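Enquirer: Pasting structure-v6.pdb here (PDB, C-alpha atoms):
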ATOM      1  CA  MET A 156      32.472  44.884 106.036
ATOM      2  CA  GLU A 157      30.942  41.640 104.838
ATOM      3  CA  GLN A 158      32.246  40.106 101.641
ATOM      4  CA  PRO A 159      30.033  39.402  98.641
ATOM      5  CA  GLU A 160      28.605  35.904  98.612
ATOM      6  CA  LEU A 161      29.986  33.560  96.017
ATOM      7  CA  LEU A 162      27.312  32.479  93.559
ATOM      8  CA  THR A 163      26.924  28.768  93.068
ATOM      9  CA  GLN A 164      26.086  27.262  89.676
ATOM     10  CA  SER A 165      22.438  26.958  90.699
ATOM     11  CA  ASP A 166      22.401  30.618  91.774
ATOM     12  CA  VAL A 167      23.707  31.677  88.369
ATOM     13  CA  ALA A 168      21.037  29.611  86.655
ATOM     14  CA  SER A 169      18.331  31.233  88.740
ATOM     15  CA  THR A 170      19.553  34.799  88.108
ATOM     16  CA  THR A 171      20.181  34.432  84.379
ATOM     17  CA  THR A 172      17.171  35.042  82.174
ATOM     18  CA  SER A 173      16.962  33.283  78.829
ATOM     19  CA  VAL A 174      14.114  34.636  76.720
ATOM     20  CA  MET A 175      12.785  33.641  73.325
ATOM     21  CA  LYS A 176      13.175  36.340  70.693
ATOM     22  CA  LYS A 177       9.757  37.193  69.225
ATOM     23  CA  LEU A 178      10.590  40.139  66.950
ATOM     24  CA  PRO A 179      13.367  40.672  64.363
ATOM     25  CA  GLU A 180      16.581  42.603  64.577
ATOM     26  CA  VAL A 181      16.356  46.044  62.949
ATOM     27  CA  THR A 182      18.797  45.894  60.035
ATOM     28  CA  LEU A 183      18.915  47.181  56.461
ATOM     29  CA  ALA A 184      17.119  44.003  55.365
ATOM     30  CA  PHE A 185      14.358  44.812  57.879
ATOM     31  CA  TRP A 186      13.704  48.203  56.256
ATOM     32  CA  ILE A 187      13.797  46.771  52.725
ATOM     33  CA  MET A 188      11.172  44.209  53.694
ATOM     34  CA  LYS A 189       9.129  46.874  55.483
ATOM     35  CA  ILE A 190       8.984  49.053  52.365
ATOM     36  CA  ALA A 191       8.157  46.041  50.175
ATOM     37  CA  ALA A 192       5.361  44.984  52.543
ATOM     38  CA  THR A 193       3.871  48.472  52.807
ATOM     39  CA  THR A 194       3.981  49.011  49.035
ATOM     40  CA  LEU A 195       2.214  45.677  48.558
ATOM     41  CA  GLY A 196      -0.256  46.682  51.267
ATOM     42  CA  GLU A 197      -1.133  49.776  49.234
ATOM     43  CA  THR A 198      -1.583  47.986  45.900
ATOM     44  CA  ALA A 199      -3.417  44.992  47.430
ATOM     45  CA  GLY A 200      -5.745  47.215  49.462
ATOM     46  CA  ASP A 201      -6.629  49.177  46.315
ATOM     47  CA  LEU A 202      -7.018  45.903  44.398
ATOM     48  CA  PHE A 203      -9.772  44.670  46.726
ATOM     49  CA  ALA A 204     -11.467  47.999  47.396
ATOM     50  CA  GLN A 205     -11.285  49.633  43.967
ATOM     51  CA  THR A 206     -10.356  47.201  41.186
ATOM     52  CA  LEU A 207     -12.626  44.418  42.498
ATOM     53  CA  LYS A 208     -15.128  47.101  43.585
ATOM     54  CA  LEU A 209     -15.707  45.681  47.075
ATOM     55  CA  GLY A 210     -15.574  49.208  48.471
ATOM     56  CA  TYR A 211     -13.729  50.657  51.450
ATOM     57  CA  PHE A 212     -16.294  49.540  54.026
ATOM     58  CA  LEU A 213     -16.448  45.822  53.210
ATOM     59  CA  THR A 214     -12.734  45.621  52.429
ATOM     60  CA  THR A 215     -11.805  47.289  55.723
ATOM     61  CA  ILE A 216     -13.881  44.765  57.682
ATOM     62  CA  ALA A 217     -12.449  41.808  55.745
ATOM     63  CA  LEU A 218      -8.826  42.945  55.993
ATOM     64  CA  PHE A 219      -9.148  43.797  59.676
ATOM     65  CA  LEU A 220     -10.313  40.224  60.291
ATOM     66  CA  VAL A 221      -7.289  38.998  58.310
ATOM     67  CA  PHE A 222      -5.103  41.144  60.567
ATOM     68  CA  VAL A 223      -6.677  39.602  63.689
ATOM     69  CA  VAL A 224      -6.088  36.060  62.407
ATOM     70  CA  THR A 225      -2.450  36.717  61.452
ATOM     71  CA  LEU A 226      -1.857  38.482  64.771
ATOM     72  CA  VAL A 227      -3.195  35.526  66.759
ATOM     73  CA  VAL A 228      -0.805  33.229  64.879
ATOM     74  CA  GLN A 229       2.110  35.581  65.628
ATOM     75  CA  LEU A 230       1.219  35.930  69.323
ATOM     76  CA  ARG A 231       0.928  32.169  69.758
ATOM     77  CA  SER A 232       4.329  31.569  68.184
ATOM     78  CA  SER A 233       7.030  30.645  70.679
ATOM     79  CA  HIS A 234       9.770  32.567  68.873
ATOM     80  CA  TYR A 235      10.402  34.852  65.918
ATOM     81  CA  LYS A 236       9.316  33.334  62.621
ATOM     82  CA  PRO A 237       9.770  35.649  59.605
ATOM     83  CA  PHE A 238       6.727  34.366  57.721
ATOM     84  CA  PHE A 239       4.441  35.001  60.702
ATOM     85  CA  TYR A 240       5.908  38.420  61.538
ATOM     86  CA  TRP A 241       5.920  39.809  57.991
ATOM     87  CA  THR A 242       2.457  38.440  57.273
ATOM     88  CA  VAL A 243       1.170  40.570  60.150
ATOM     89  CA  ILE A 244       3.072  43.594  58.825
ATOM     90  CA  LEU A 245       1.475  42.998  55.407
ATOM     91  CA  SER A 246      -2.002  42.601  56.899
ATOM     92  CA  THR A 247      -1.641  45.840  58.888
ATOM     93  CA  SER A 248      -0.532  47.591  55.693
ATOM     94  CA  MET A 249      -3.516  46.310  53.702
ATOM     95  CA  ALA A 250      -5.992  47.049  56.487
ATOM     96  CA  GLY A 251      -4.336  50.426  57.089
ATOM     97  CA  THR A 252      -4.785  51.321  53.414
ATOM     98  CA  THR A 253      -8.545  50.800  53.388
ATOM     99  CA  MET A 254      -9.051  52.118  56.931
ATOM    100  CA  SER A 255      -7.348  55.351  55.902
ATOM    101  CA  ASP A 256      -9.350  55.550  52.665
ATOM    102  CA  PHE A 257     -12.609  54.932  54.519
ATOM    103  CA  MET A 258     -11.830  57.640  57.064
ATOM    104  CA  ASN A 259     -10.590  60.285  54.669
ATOM    105  CA  ARG A 260     -12.485  59.809  51.427
ATOM    106  CA  ASP A 261     -16.124  60.019  50.297
ATOM    107  CA  ALA A 262     -18.238  58.697  47.446
ATOM    108  CA  SER A 263     -17.234  61.369  44.928
ATOM    109  CA  ALA A 264     -16.090  60.241  41.488
ATOM    110  CA  ARG A 265     -12.509  61.480  41.940
ATOM    111  CA  TYR A 266     -11.818  58.590  44.321
ATOM    112  CA  LEU A 267     -13.239  55.920  42.023
ATOM    113  CA  SER A 268     -11.200  53.982  39.488
ATOM    114  CA  GLY A 269     -11.710  53.170  35.844
ATOM    115  CA  GLY A 270     -15.181  54.595  35.189
ATOM    116  CA  ALA A 271     -16.763  53.033  38.287
ATOM    117  CA  THR A 272     -19.844  54.809  39.627
ATOM    118  CA  SER A 273     -19.936  53.144  43.040
ATOM    119  CA  LEU A 274     -17.976  50.763  45.223
ATOM    120  CA  GLY A 275     -19.400  47.790  47.063
ATOM    121  CA  TRP A 276     -22.011  47.827  49.782
ATOM    122  CA  GLY A 277     -22.332  50.250  52.644
ATOM    123  CA  PRO A 278     -20.913  53.749  53.117
ATOM    124  CA  GLN A 279     -18.078  54.576  50.723
ATOM    125  CA  GLY A 280     -16.242  56.768  53.194
ATOM    126  CA  LEU A 281     -16.595  59.192  56.069
ATOM    127  CA  GLY A 282     -15.112  62.082  54.110
ATOM    128  CA  MET A 283     -13.050  63.450  57.007
ATOM    129  CA  GLY A 284     -10.222  64.592  54.769
ATOM    130  CA  TYR A 285      -6.522  63.886  55.208
ATOM    131  CA  PRO A 286      -5.707  66.576  57.847
ATOM    132  CA  THR A 287      -8.565  65.537  60.151
ATOM    133  CA  GLY A 288      -7.929  61.837  59.641
ATOM    134  CA  ALA A 289      -4.215  62.276  60.325
ATOM    135  CA  ALA A 290      -4.924  64.311  63.485
ATOM    136  CA  ILE A 291      -7.196  61.558  64.830
ATOM    137  CA  LEU A 292      -4.669  58.828  64.052
ATOM    138  CA  ILE A 293      -1.782  60.780  65.603
ATOM    139  CA  SER A 294      -3.866  61.227  68.762
ATOM    140  CA  ILE A 295      -4.626  57.503  68.938
ATOM    141  CA  LEU A 296      -0.959  56.652  68.377
ATOM    142  CA  LEU A 297       0.127  59.031  71.157
ATOM    143  CA  VAL A 298      -2.393  57.429  73.523
ATOM    144  CA  ILE A 299      -0.971  53.980  72.734
ATOM    145  CA  PHE A 300       2.565  55.192  73.416
ATOM    146  CA  ALA A 301       1.437  56.874  76.658
ATOM    147  CA  VAL A 302      -0.166  53.631  77.870
ATOM    148  CA  TRP A 303       2.933  51.732  76.757
ATOM    149  CA  LYS A 304       5.209  54.057  78.712
ATOM    150  CA  ALA A 305       2.957  53.851  81.775
ATOM    151  CA  THR A 306       3.380  50.071  81.843
ATOM    152  CA  GLY A 307       7.153  50.523  82.171
ATOM    153  CA  MET A 308       7.826  48.065  79.349
ATOM    154  CA  THR A 309      10.607  48.629  76.835
ATOM    155  CA  PHE A 310      10.116  50.238  73.434
ATOM    156  CA  ARG A 311      13.107  48.356  72.013
ATOM    157  CA  ILE A 312      11.917  45.721  69.546
ATOM    158  CA  ARG A 313      14.554  43.128  70.361
ATOM    159  CA  ASP A 314      13.598  43.212  74.058
ATOM    160  CA  ILE A 315       9.813  42.839  73.598
ATOM    161  CA  VAL A 316       9.074  39.272  74.695
ATOM    162  CA  THR A 317       5.780  39.444  76.639
ATOM    163  CA  PHE A 318       2.228  39.094  75.361
ATOM    164  CA  ARG A 319       1.256  42.541  76.655
ATOM    165  CA  GLY A 320       4.339  44.120  75.081
ATOM    166  CA  GLU A 321       3.571  42.517  71.728
ATOM    167  CA  ALA A 322      -0.079  43.602  71.932
ATOM    168  CA  LEU A 323       0.990  47.228  72.425
ATOM    169  CA  PHE A 324       3.596  46.904  69.675
ATOM    170  CA  TRP A 325       1.095  45.604  67.107
ATOM    171  CA  SER A 326      -1.520  48.186  68.111
ATOM    172  CA  ALA A 327       1.043  50.896  67.397
ATOM    173  CA  ILE A 328       1.984  49.206  64.112
ATOM    174  CA  LEU A 329      -1.615  49.095  62.874
ATOM    175  CA  VAL A 330      -2.272  52.748  63.713
ATOM    176  CA  SER A 331       1.098  53.916  62.347
ATOM    177  CA  ASN A 332       0.510  52.106  59.051
ATOM    178  CA  THR A 333      -2.946  53.690  58.774
ATOM    179  CA  LEU A 334      -1.440  57.097  59.571
ATOM    180  CA  GLY A 335       1.316  56.553  57.029
ATOM    181  CA  THR A 336      -1.268  55.775  54.355
ATOM    182  CA  SER A 337      -3.037  59.067  55.077
ATOM    183  CA  MET A 338       0.265  60.926  54.839
ATOM    184  CA  GLY A 339       1.174  59.198  51.575
ATOM    185  CA  ASP A 340      -2.211  59.874  49.987
ATOM    186  CA  PHE A 341      -2.047  63.510  51.064
ATOM    187  CA  LEU A 342       1.380  63.892  49.460
ATOM    188  CA  SER A 343       0.234  62.155  46.277
ATOM    189  CA  ASP A 344      -3.252  63.617  45.881
ATOM    190  CA  SER A 345      -3.406  66.978  47.652
ATOM    191  CA  SER A 346       0.073  68.424  48.088
ATOM    192  CA  GLY A 347       0.807  68.969  44.408
ATOM    193  CA  LEU A 348       4.025  66.941  44.625
ATOM    194  CA  GLY A 349       2.626  63.958  42.772
ATOM    195  CA  TYR A 350       3.626  60.326  43.353
ATOM    196  CA  ALA A 351       7.305  60.675  42.469
ATOM    197  CA  GLY A 352       7.660  63.992  44.304
ATOM    198  CA  GLY A 353       5.993  62.611  47.428
ATOM    199  CA  ALA A 354       8.264  59.559  47.379
ATOM    200  CA  LEU A 355      11.351  61.766  47.016
ATOM    201  CA  LEU A 356      10.258  63.965  49.922
ATOM    202  CA  VAL A 357       9.774  60.977  52.233
ATOM    203  CA  THR A 358      13.077  59.466  51.076
ATOM    204  CA  GLY A 359      14.816  62.733  51.976
ATOM    205  CA  ALA A 360      13.221  62.713  55.433
ATOM    206  CA  LEU A 361      14.379  59.118  55.968
ATOM    207  CA  ALA A 362      17.909  60.114  54.932
ATOM    208  CA  VAL A 363      17.872  62.788  57.659
ATOM    209  CA  LEU A 364      16.866  60.135  60.198
ATOM    210  CA  VAL A 365      19.814  57.979  59.116
ATOM    211  CA  LEU A 366      22.150  60.900  59.815
ATOM    212  CA  LEU A 367      20.545  61.483  63.217
ATOM    213  CA  VAL A 368      21.400  57.924  64.257
ATOM    214  CA  LYS A 369      24.944  59.198  64.830
ATOM    215  CA  VAL A 370      23.741  62.007  67.117
ATOM    216  CA  PRO A 371      24.043  60.744  70.734
ATOM    217  CA  VAL A 372      21.322  63.001  72.180
ATOM    218  CA  VAL A 373      18.636  61.622  69.819
ATOM    219  CA  PRO A 374      17.215  58.291  71.082
ATOM    220  CA  ASN A 375      17.391  55.531  68.499
ATOM    221  CA  VAL A 376      14.030  54.229  69.688
ATOM    222  CA  LEU A 377      12.416  57.554  68.725
ATOM    223  CA  LEU A 378      14.114  57.475  65.328
ATOM    224  CA  PHE A 379      12.868  53.933  64.766
ATOM    225  CA  TRP A 380       9.222  54.833  65.300
ATOM    226  CA  ILE A 381       9.458  57.962  63.149
ATOM    227  CA  ALA A 382      11.071  55.891  60.404
ATOM    228  CA  PHE A 383       8.431  53.191  60.794
ATOM    229  CA  VAL A 384       5.676  55.742  60.211
ATOM    230  CA  LEU A 385       7.500  57.418  57.295
ATOM    231  CA  THR A 386       8.207  54.192  55.413
ATOM    232  CA  ARG A 387       4.440  53.724  55.117
ATOM    233  CA  PRO A 388       3.815  56.886  53.031
ATOM    234  CA  LEU A 389       6.867  55.895  50.987
ATOM    235  CA  GLY A 390       5.138  52.591  50.262
ATOM    236  CA  ALA A 391       1.834  54.374  49.610
ATOM    237  CA  THR A 392       3.309  56.804  47.095
ATOM    238  CA  ALA A 393       5.373  54.056  45.465
ATOM    239  CA  GLY A 394       2.283  51.853  45.193
ATOM    240  CA  ASP A 395       0.241  54.670  43.658
ATOM    241  CA  PHE A 396       3.090  55.457  41.266
ATOM    242  CA  LEU A 397       3.022  51.849  40.050
ATOM    243  CA  THR A 398      -0.744  51.525  39.682
ATOM    244  CA  LYS A 399      -2.264  54.907  38.809
ATOM    245  CA  PRO A 400      -2.877  56.040  35.198
ATOM    246  CA  VAL A 401      -0.152  57.820  33.258
ATOM    247  CA  ALA A 402      -2.412  60.880  33.033
ATOM    248  CA  LYS A 403      -2.247  61.138  36.826
ATOM    249  CA  GLY A 404       1.524  60.680  36.946
ATOM    250  CA  GLY A 405       1.619  56.908  37.490
ATOM    251  CA  LEU A 406       2.965  53.984  35.466
ATOM    252  CA  ASP A 407      -0.484  52.360  34.990
ATOM    253  CA  LEU A 408       0.781  48.846  35.757
ATOM    254  CA  GLY A 409      -2.496  47.991  37.483
ATOM    255  CA  THR A 410      -3.167  46.822  41.030
ATOM    256  CA  ALA A 411      -3.269  43.108  40.137
ATOM    257  CA  GLY A 412       0.022  42.987  38.238
ATOM    258  CA  SER A 413       1.845  45.239  40.699
ATOM    259  CA  SER A 414       0.556  43.222  43.665
ATOM    260  CA  ALA A 415       1.649  39.942  42.086
ATOM    261  CA  VAL A 416       5.185  41.215  41.459
ATOM    262  CA  LEU A 417       5.479  42.751  44.921
ATOM    263  CA  LEU A 418       4.128  39.585  46.566
ATOM    264  CA  THR A 419       6.764  37.519  44.756
ATOM    265  CA  VAL A 420       9.486  39.887  45.956
ATOM    266  CA  LEU A 421       8.209  39.863  49.539
ATOM    267  CA  VAL A 422       7.872  36.068  49.703
ATOM    268  CA  GLY A 423      11.421  35.760  48.381
ATOM    269  CA  LEU A 424      12.679  38.150  51.070
ATOM    270  CA  MET A 425      10.769  36.245  53.766
ATOM    271  CA  ALA A 426      12.299  32.971  52.590
ATOM    272  CA  TYR A 427      15.756  34.544  52.780
ATOM    273  CA  ALA A 428      15.010  35.869  56.275
ATOM    274  CA  GLN A 429      13.844  32.392  57.329
ATOM    275  CA  VAL A 430      17.137  30.859  56.162
ATOM    276  CA  GLN A 431      19.106  33.522  58.030
ATOM    277  CA  GLU A 432      17.021  33.021  61.158
ATOM    278  CA  ARG A 433      17.798  29.314  61.263
ATOM    279  CA  ARG A 434      21.477  30.198  61.517
ATOM    280  CA  THR A 435      20.990  32.363  64.611
ATOM    281  CA  PRO A 436      19.890  31.418  68.152
ATOM    282  CA  HIS A 437      16.279  32.074  69.135
ATOM    283  CA  THR A 438      17.140  33.127  72.671
ATOM    284  CA  THR A 439      18.860  36.124  74.183
ATOM    285  CA  GLU A 440      20.770  35.878  77.435
ATOM    286  CA  ARG A 441      20.658  38.446  80.192
ATOM    287  CA  GLU A 442      23.663  38.633  82.465
ATOM    288  CA  PRO A 443      23.259  37.563  86.105
ATOM    289  CA  VAL A 444      23.517  40.281  88.744
ATOM    290  CA  ALA A 445      25.990  39.756  91.619
ATOM    291  CA  ARG A 446      24.238  39.161  94.931
ATOM    292  CA  ARG A 447      25.517  40.580  98.204
ATOM    293  CA  ALA A 448      24.801  39.453 101.746
ATOM    294  CA  ASP A 449      22.585  41.679 103.845
TER
END
As C-alpha cells, what does this structure read like?
Expert:
Amino acid sequence: MEQPELLTQSDVASTTTSVMKKLPEVTLAFWIMKIAATTLGETAGDLFAQTLKLGYFLTTIALFLVFVVTLVVQLRSSHYKPFFYWTVILSTSMAGTTMSDFMNRDASARYLSGGATSLGWGPQGLGMGYPTGAAILISILLVIFAVWKATGMTFRIRDIVTFRGEALFWSAILVSNTLGTSMGDFLSDSSGLGYAGGALLVTGALAVLVLLVKVPVVPNVLLFWIAFVLTRPLGATAGDFLTKPVAKGGLDLGTAGSSAVLLTVLVGLMAYAQVQERRTPHTTEREPVARRAD
C-alpha cells in the first residue's frame, strides 16, 4: 500500500481556502437589529405611502429602486460591512411594506389615514386580500428556495460568499419581508387579535423556534428562515401599534415620530455592530484536505 504524500507548504496554501465574510453571524444582536429594522420598515413605508399621501403604487416603485441601489452597494462590497448590510435589510422592509399593501389592499376608505380620500397617483391597490397575497408570496419564496437548492449552494448565511449566492439570499429576503408584512397586517387588521395580540402571538411562535434549536432532528437553517419570516410580522404589528390611533388599539405616536426614534435606535445598533466587526477578522479559513497518491 502506498503511503500518503506529505504536503509541502505550497500545497497547503493551494488547498486552503480563505474567503471574505460577506454576511453577519446570527446572534442575539442580529435578531434585535432585524426586529428594529423591520419595525422601522413598517413605519417608514406607511409614512411615505399614507402620511405623505404618495400612495402605494408610487411608493412601491420608489422604494424598490432604493432597494436596488442599496443592494448594488452591498454586492460590490468586498466584505461584511454592517451599514451596507442593514441598509439593505431596511430597504427590503420598507419596499416589502408597500408591496404587500399594494397587493392586498384597495382604494376603500378603511385603508386610508387621517381623513384622506385618495392616495397619490396610479392604482391604490390590487385588492387581492391577505390570504391570496400570502399564497402568491409563499409560492414565489418556495420557487426561490427550489432554485437555490438546485444550484447546490449553501443556505448557511456565514458560508454565502459568492455573487450568485448573495443574489438568491437577497431575493429570498425581499419576498420574505413582503410576506411577513402580509402576515402582520392580517393579524392586526383581520384576525381580531389586534396589534398587541398579533405581536404576542408571533412572539410565542418565535419562542417555540428557540426551543426547537435544541432538537437535533430540526435543521437550524430551516429554523432561521422561519424566524426570519416571523420577525417581519412582529415588526409590522409593533409598527402599527406605535403609529395607529388609540381608537384602533394603537399608541397614536405617528409615523414620522416613530420612524425618527426607530431610525436613531437602528443607526446606534449599526454603529455598535461596526465597532464589533472591526475587532473580528473578515476572512474565514477552510481546512486543507489531505491528498493521497494515486
Enquirer: Using only C-alpha atoms, find each residue in segment 173-276 of chain A having at least one atom no more than 12 Å away from segment 354-362 of chain A; report its shortest atom-to-atom pair and that distance in Å (one decimal), rows by chain then rising number, as a Markdown table.
Expert:
| residue | atom | partner | partner_atom | distance |
| --- | --- | --- | --- | --- |
| A:Trp186 | CA | A:Leu361 | CA | 10.9 |
| A:Ile190 | CA | A:Thr358 | CA | 11.3 |
| A:Thr194 | CA | A:Ala354 | CA | 11.5 |
Enquirer: Can you measure atom CA of Phe222 of chain A to atom CA of His234 of chain A for me? One decimal in Å is fine.
Expert: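 One can read the atom CA of Phe222 of chain A to atom CA of His234 of chain A distance as 19.1 Å.
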Enquirer: For the provided coordinates, the residues matched by the PyMOL selection byres ((chain A and resi 288) around 12) should be stated as number ranges by chain.
Expert: A: 254-260, 280-287, 289-295, 330, 333-338, 340-341
Enquirer: Out of A:Leu195, A:Ile328, A:Ala322, A:Ala351, which residue has the shortest atom-to-atom distance to Leu417 of chain A when counting all atoms listed in the file?
Expert: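 Using all atoms listed in the file, Leu417 of chain A sits closest to A:Leu195.
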Enquirer: If I take atom CA of Leu421 of chain A and atom CA of Gly320 of chain A, how far is one from the other in Å, to one decimal?
Expert: 26.2 Å
Enquirer: Evaluating the PyMOL selection byres ((chain A and resi 179-182) around 12) on the displayed file yields which residues, as a PyMOL selection string?
Expert: chain A and resi 175-178+183-189+234-241+311-316+375-376+378-380+382-383+425+428-429+431-432+435-439
Enquirer: Give me, as a list in words, all polymer residues having an atom no more than 10 Å from Thr225 of chain A, counting all atoms listed in the file and skipping those fewer than 3 positions away in the same chain.
Expert: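 These residues fall inside the cut-off: Phe219, Leu220, Val221, Phe222, Val228, Gln229, Leu230, Phe239, Tyr240, Trp241, Thr242, Val243, Ile244, Leu245, Ser246 and Thr247 of chain A.
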Enquirer: Name the closest residue to Asn332 of chain A among the candidates A:Thr198, A:Thr193, A:Gln279, A:Ser232; distances are taken between atoms, counting all atoms listed in the file.
Expert: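 Checking each candidate against Asn332 of chain A, we get A:Thr193 as the closest.
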Enquirer: Would you compute the distance between atom CA of Leu213 of chain A and atom CA of Asp201 of chain A? Give it in Å to one decimal.
Expert: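 Going from atom CA of Leu213 of chain A over to atom CA of Asp201 of chain A covers 12.5 Å.
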Enquirer: Evaluate the PyMOL selection byres ((chain A and resi 393-408) around 8) against this structure - the residues, as a list in words, please.
Expert: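 Output of the PyMOL selection byres ((chain A and resi 393-408) around 8): Thr194, Leu195, Glu197, Thr198, Ser343, Gly349, Tyr350, Ala351, Ala354, Leu389, Gly390, Ala391, Thr392, Gly409, Thr410, Gly412 and Ser413 of chain A.
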Enquirer: Find, counting all atoms listed in the file, the residue in A:Val373, A:Leu323, A:Val420, A:Ala250 that gets nearest to Val223 of chain A.
Expert: A:Ala250
Enquirer: Mind filling out segment 325-337 of chain A with N, CA and C atoms and sending it as a PDB file, in the coordinates of the input?
Expert:
ATOM      1  N   TRP A 325       1.889  45.786  68.315  1.00  0.00           N
ATOM      2  CA  TRP A 325       1.095  45.604  67.107  1.00  0.00           C
ATOM      3  C   TRP A 325      -0.028  46.626  67.015  1.00  0.00           C
ATOM      4  N   SER A 326      -0.534  47.099  68.146  1.00  0.00           N
ATOM      5  CA  SER A 326      -1.520  48.186  68.111  1.00  0.00           C
ATOM      6  C   SER A 326      -0.888  49.432  67.508  1.00  0.00           C
ATOM      7  N   ALA A 327       0.330  49.736  67.943  1.00  0.00           N
ATOM      8  CA  ALA A 327       1.043  50.896  67.397  1.00  0.00           C
ATOM      9  C   ALA A 327       1.350  50.709  65.918  1.00  0.00           C
ATOM     10  N   ILE A 328       1.678  49.480  65.515  1.00  0.00           N
ATOM     11  CA  ILE A 328       1.984  49.206  64.112  1.00  0.00           C
ATOM     12  C   ILE A 328       0.755  49.443  63.237  1.00  0.00           C
ATOM     13  N   LEU A 329      -0.398  48.936  63.664  1.00  0.00           N
ATOM     14  CA  LEU A 329      -1.615  49.095  62.874  1.00  0.00           C
ATOM     15  C   LEU A 329      -1.973  50.574  62.695  1.00  0.00           C
ATOM     16  N   VAL A 330      -1.920  51.333  63.787  1.00  0.00           N
ATOM     17  CA  VAL A 330      -2.272  52.748  63.713  1.00  0.00           C
ATOM     18  C   VAL A 330      -1.234  53.515  62.898  1.00  0.00           C
ATOM     19  N   SER A 331       0.049  53.195  63.081  1.00  0.00           N
ATOM     20  CA  SER A 331       1.098  53.916  62.347  1.00  0.00           C
ATOM     21  C   SER A 331       1.012  53.639  60.851  1.00  0.00           C
ATOM     22  N   ASN A 332       0.661  52.408  60.464  1.00  0.00           N
ATOM     23  CA  ASN A 332       0.510  52.106  59.051  1.00  0.00           C
ATOM     24  C   ASN A 332      -0.705  52.818  58.451  1.00  0.00           C
ATOM     25  N   THR A 333      -1.777  52.941  59.236  1.00  0.00           N
ATOM     26  CA  THR A 333      -2.946  53.690  58.774  1.00  0.00           C
ATOM     27  C   THR A 333      -2.602  55.171  58.632  1.00  0.00           C
ATOM     28  N   LEU A 334      -1.888  55.701  59.622  1.00  0.00           N
ATOM     29  CA  LEU A 334      -1.440  57.097  59.571  1.00  0.00           C
ATOM     30  C   LEU A 334      -0.520  57.323  58.379  1.00  0.00           C
ATOM     31  N   GLY A 335       0.393  56.417  58.157  1.00  0.00           N
ATOM     32  CA  GLY A 335       1.316  56.553  57.029  1.00  0.00           C
ATOM     33  C   GLY A 335       0.602  56.556  55.694  1.00  0.00           C
ATOM     34  N   THR A 336      -0.475  55.769  55.581  1.00  0.00           N
ATOM     35  CA  THR A 336      -1.268  55.775  54.355  1.00  0.00           C
ATOM     36  C   THR A 336      -1.889  57.148  54.127  1.00  0.00           C
ATOM     37  N   SER A 337      -2.445  57.731  55.187  1.00  0.00           N
ATOM     38  CA  SER A 337      -3.037  59.067  55.077  1.00  0.00           C
ATOM     39  C   SER A 337      -1.999  60.090  54.630  1.00  0.00           C
TER      40      SER A 337
END
